Amino acid sequence: MQYSEKVMDHFTNPRNVGELEDPSGTGTVGNAKCGDIMRVYLDIDENGIIQDAKFKTFGCGAAVATSSMATEMIKGKHISDALKLTNRSVMEALDGLPPIKVHCSVLAEEAVRAALWDYAEKKGIKIDGLEKPADDIHDGHHHDLQESD
Ligand code: FES
């Protein structure tokens with residue numbers, strides 16, 4: 001398996017690891033297949049700008065690298081722009097991931113969305129284009145070898 005230099009960099013030196021005290025929103029998601037869990041914390045100001053983002057994971061190296069990159073990409077952005085973050089854009093920013101690791105980037109994307117959902121719930125607002133997060137995340141685009149039909 002070949003990882004890009006950027007993936008290795010974000011894996012060995014992950015940005016934004018940790019948690020936030022009194023976050024505006026937190027999101028926790030898990031992948032039923034690999035059993036990995038991701039939690040994202042967001043600090044969002046009154047203008048809807050993400051001032052800070054942190055993550056914690058019981059996840060693999062690709063999950064660490066994608067969450068590191070994802071949190072970097074949404075910091076300083078408005079929530080409407082953070083919503084446009086996709087696992088594809090995170091993967092592109094990392095110069096790609098091996099196909100069997102795509103679901104790890106989905107975990108990062110979904111944790112961000114779950115944290116935005118939590119923020120919207122707490123604020124009593126609706127964010128256009130944001131849906132209630134699922135409990136378990138499945139990658140709809142790729143199937144790995146363990147999947148049985
Ligand atoms: Fe589960 Fe990567 S193998 S998140």
# chains A, B, ... in the order shown; residues from 1 in each chain; ligands from 1
call {"tool": "residues_near_ligand", "arguments": {"ligand": "ligand 1", "cutoff": "12 Å", "atoms": "only C-alpha atoms and all ligand atoms", "output": "PDB file with C-alpha atoms, in the first residue's frame"}}
result
ATOM      1  CA  PHE A  11      -0.346  10.868  10.064  1.00  0.00           C
ATOM      2  CA  VAL A  29     -19.455   8.804  14.134  1.00  0.00           C
ATOM      3  CA  GLY A  30     -18.352   5.239  13.714  1.00  0.00           C
ATOM      4  CA  ASN A  31     -17.773   2.874  10.887  1.00  0.00           C
ATOM      5  CA  ALA A  32     -19.502  -0.418  11.544  1.00  0.00           C
ATOM      6  CA  LYS A  33     -17.151  -2.387   9.352  1.00  0.00           C
ATOM      7  CA  CYS A  34     -13.793  -1.437  10.782  1.00  0.00           C
ATOM      8  CA  GLY A  35     -15.106  -0.425  14.208  1.00  0.00           C
ATOM      9  CA  ASP A  36     -13.275   2.890  14.160  1.00  0.00           C
ATOM     10  CA  ILE A  37     -14.683   5.974  15.829  1.00  0.00           C
ATOM     11  CA  MET A  38     -14.141   9.654  15.106  1.00  0.00           C
ATOM     12  CA  ARG A  39     -15.133  12.676  17.169  1.00  0.00           C
ATOM     13  CA  THR A  57     -10.111   9.197  16.961  1.00  0.00           C
ATOM     14  CA  PHE A  58      -9.894   5.522  17.617  1.00  0.00           C
ATOM     15  CA  GLY A  59      -9.070   5.109  14.011  1.00  0.00           C
ATOM     16  CA  CYS A  60      -6.447   3.988  11.597  1.00  0.00           C
ATOM     17  CA  GLY A  61      -3.636   6.098  10.163  1.00  0.00           C
ATOM     18  CA  ALA A  62      -5.717   7.204   7.205  1.00  0.00           C
ATOM     19  CA  ALA A  63      -8.469   8.321   9.582  1.00  0.00           C
ATOM     20  CA  VAL A  64      -5.917  10.392  11.516  1.00  0.00           C
ATOM     21  CA  ALA A  65      -4.526  11.947   8.326  1.00  0.00           C
ATOM     22  CA  THR A  66      -7.928  12.766   6.839  1.00  0.00           C
ATOM     23  CA  SER A  67      -9.264  14.302  10.052  1.00  0.00           C
ATOM     24  CA  LEU A  97      -5.666   7.519  -0.626  1.00  0.00           C
ATOM     25  CA  PRO A  98      -5.596   3.840  -1.519  1.00  0.00           C
ATOM     26  CA  PRO A  99      -9.102   2.648  -2.506  1.00  0.00           C
ATOM     27  CA  ILE A 100      -9.581   0.479   0.580  1.00  0.00           C
ATOM     28  CA  LYS A 101      -8.914   3.556   2.737  1.00  0.00           C
ATOM     29  CA  VAL A 102     -11.567   5.761   1.177  1.00  0.00           C
ATOM     30  CA  HIS A 103     -14.050   4.961   3.933  1.00  0.00           C
ATOM     31  CA  CYS A 104     -11.676   6.478   6.483  1.00  0.00           C
ATOM     32  CA  SER A 105     -12.023   9.851   4.769  1.00  0.00           C
ATOM     33  CA  VAL A 106     -15.799   9.415   4.833  1.00  0.00           C
ATOM     34  CA  LEU A 107     -15.550   9.097   8.610  1.00  0.00           C
ATOM     35  CA  ALA A 108     -13.814  12.482   8.785  1.00  0.00           C
ATOM     36  CA  GLU A 109     -16.388  14.174   6.550  1.00  0.00           C
ATOM     37  CA  GLU A 110     -19.295  12.695   8.480  1.00  0.00           C
ATOM     38  CA  ALA A 111     -17.851  13.666  11.862  1.00  0.00           C
ATOM     39  CA  ASP A 136     -22.910   4.231  11.476  1.00  0.00           C
ATOM     40  CA  ILE A 137     -21.181   5.383   8.381  1.00  0.00           C
ATOM     41  CA  HIS A 138     -20.872   3.202   5.351  1.00  0.00           C
ATOM     42  CA  ASP A 139     -18.954   4.135   2.304  1.00  0.00           C
ATOM     43  CA  ASP A 144     -13.939  -3.752   0.345  1.00  0.00           C
TER      44      ASP A 144
END
call {"tool": "select_by_dssp", "arguments": {"residues": "stretch 10-134 of chain A", "states": "alpha helix (DSSP H)", "output": "ChimeraX atom specification"}}
result
/A:10-12,61-74,79-82,87-93,102-123
call {"tool": "closest_residue", "arguments": {"among": "A:His10, A:Gln2, A:Pro23, A:Pro133", "to": "A:Met69", "atoms": "only C-alpha atoms"}}
result
A:His10
call {"tool": "atom_distance", "arguments": {"atom1": "atom CA of A:Leu130", "atom2": "atom CA of A:Ala114"}}
result
9.0 Å
call {"tool": "closest_residue", "arguments": {"among": "A:Ile74, A:Tyr119, A:Glu131, A:Asp95", "to": "A:Asp22", "atoms": "only C-alpha atoms"}}
result
A:Tyr119
call {"tool": "atom_distance", "arguments": {"atom1": "atom CA of A:Val7", "atom2": "atom CA of A:Glu92"}}
result
10.6 Å
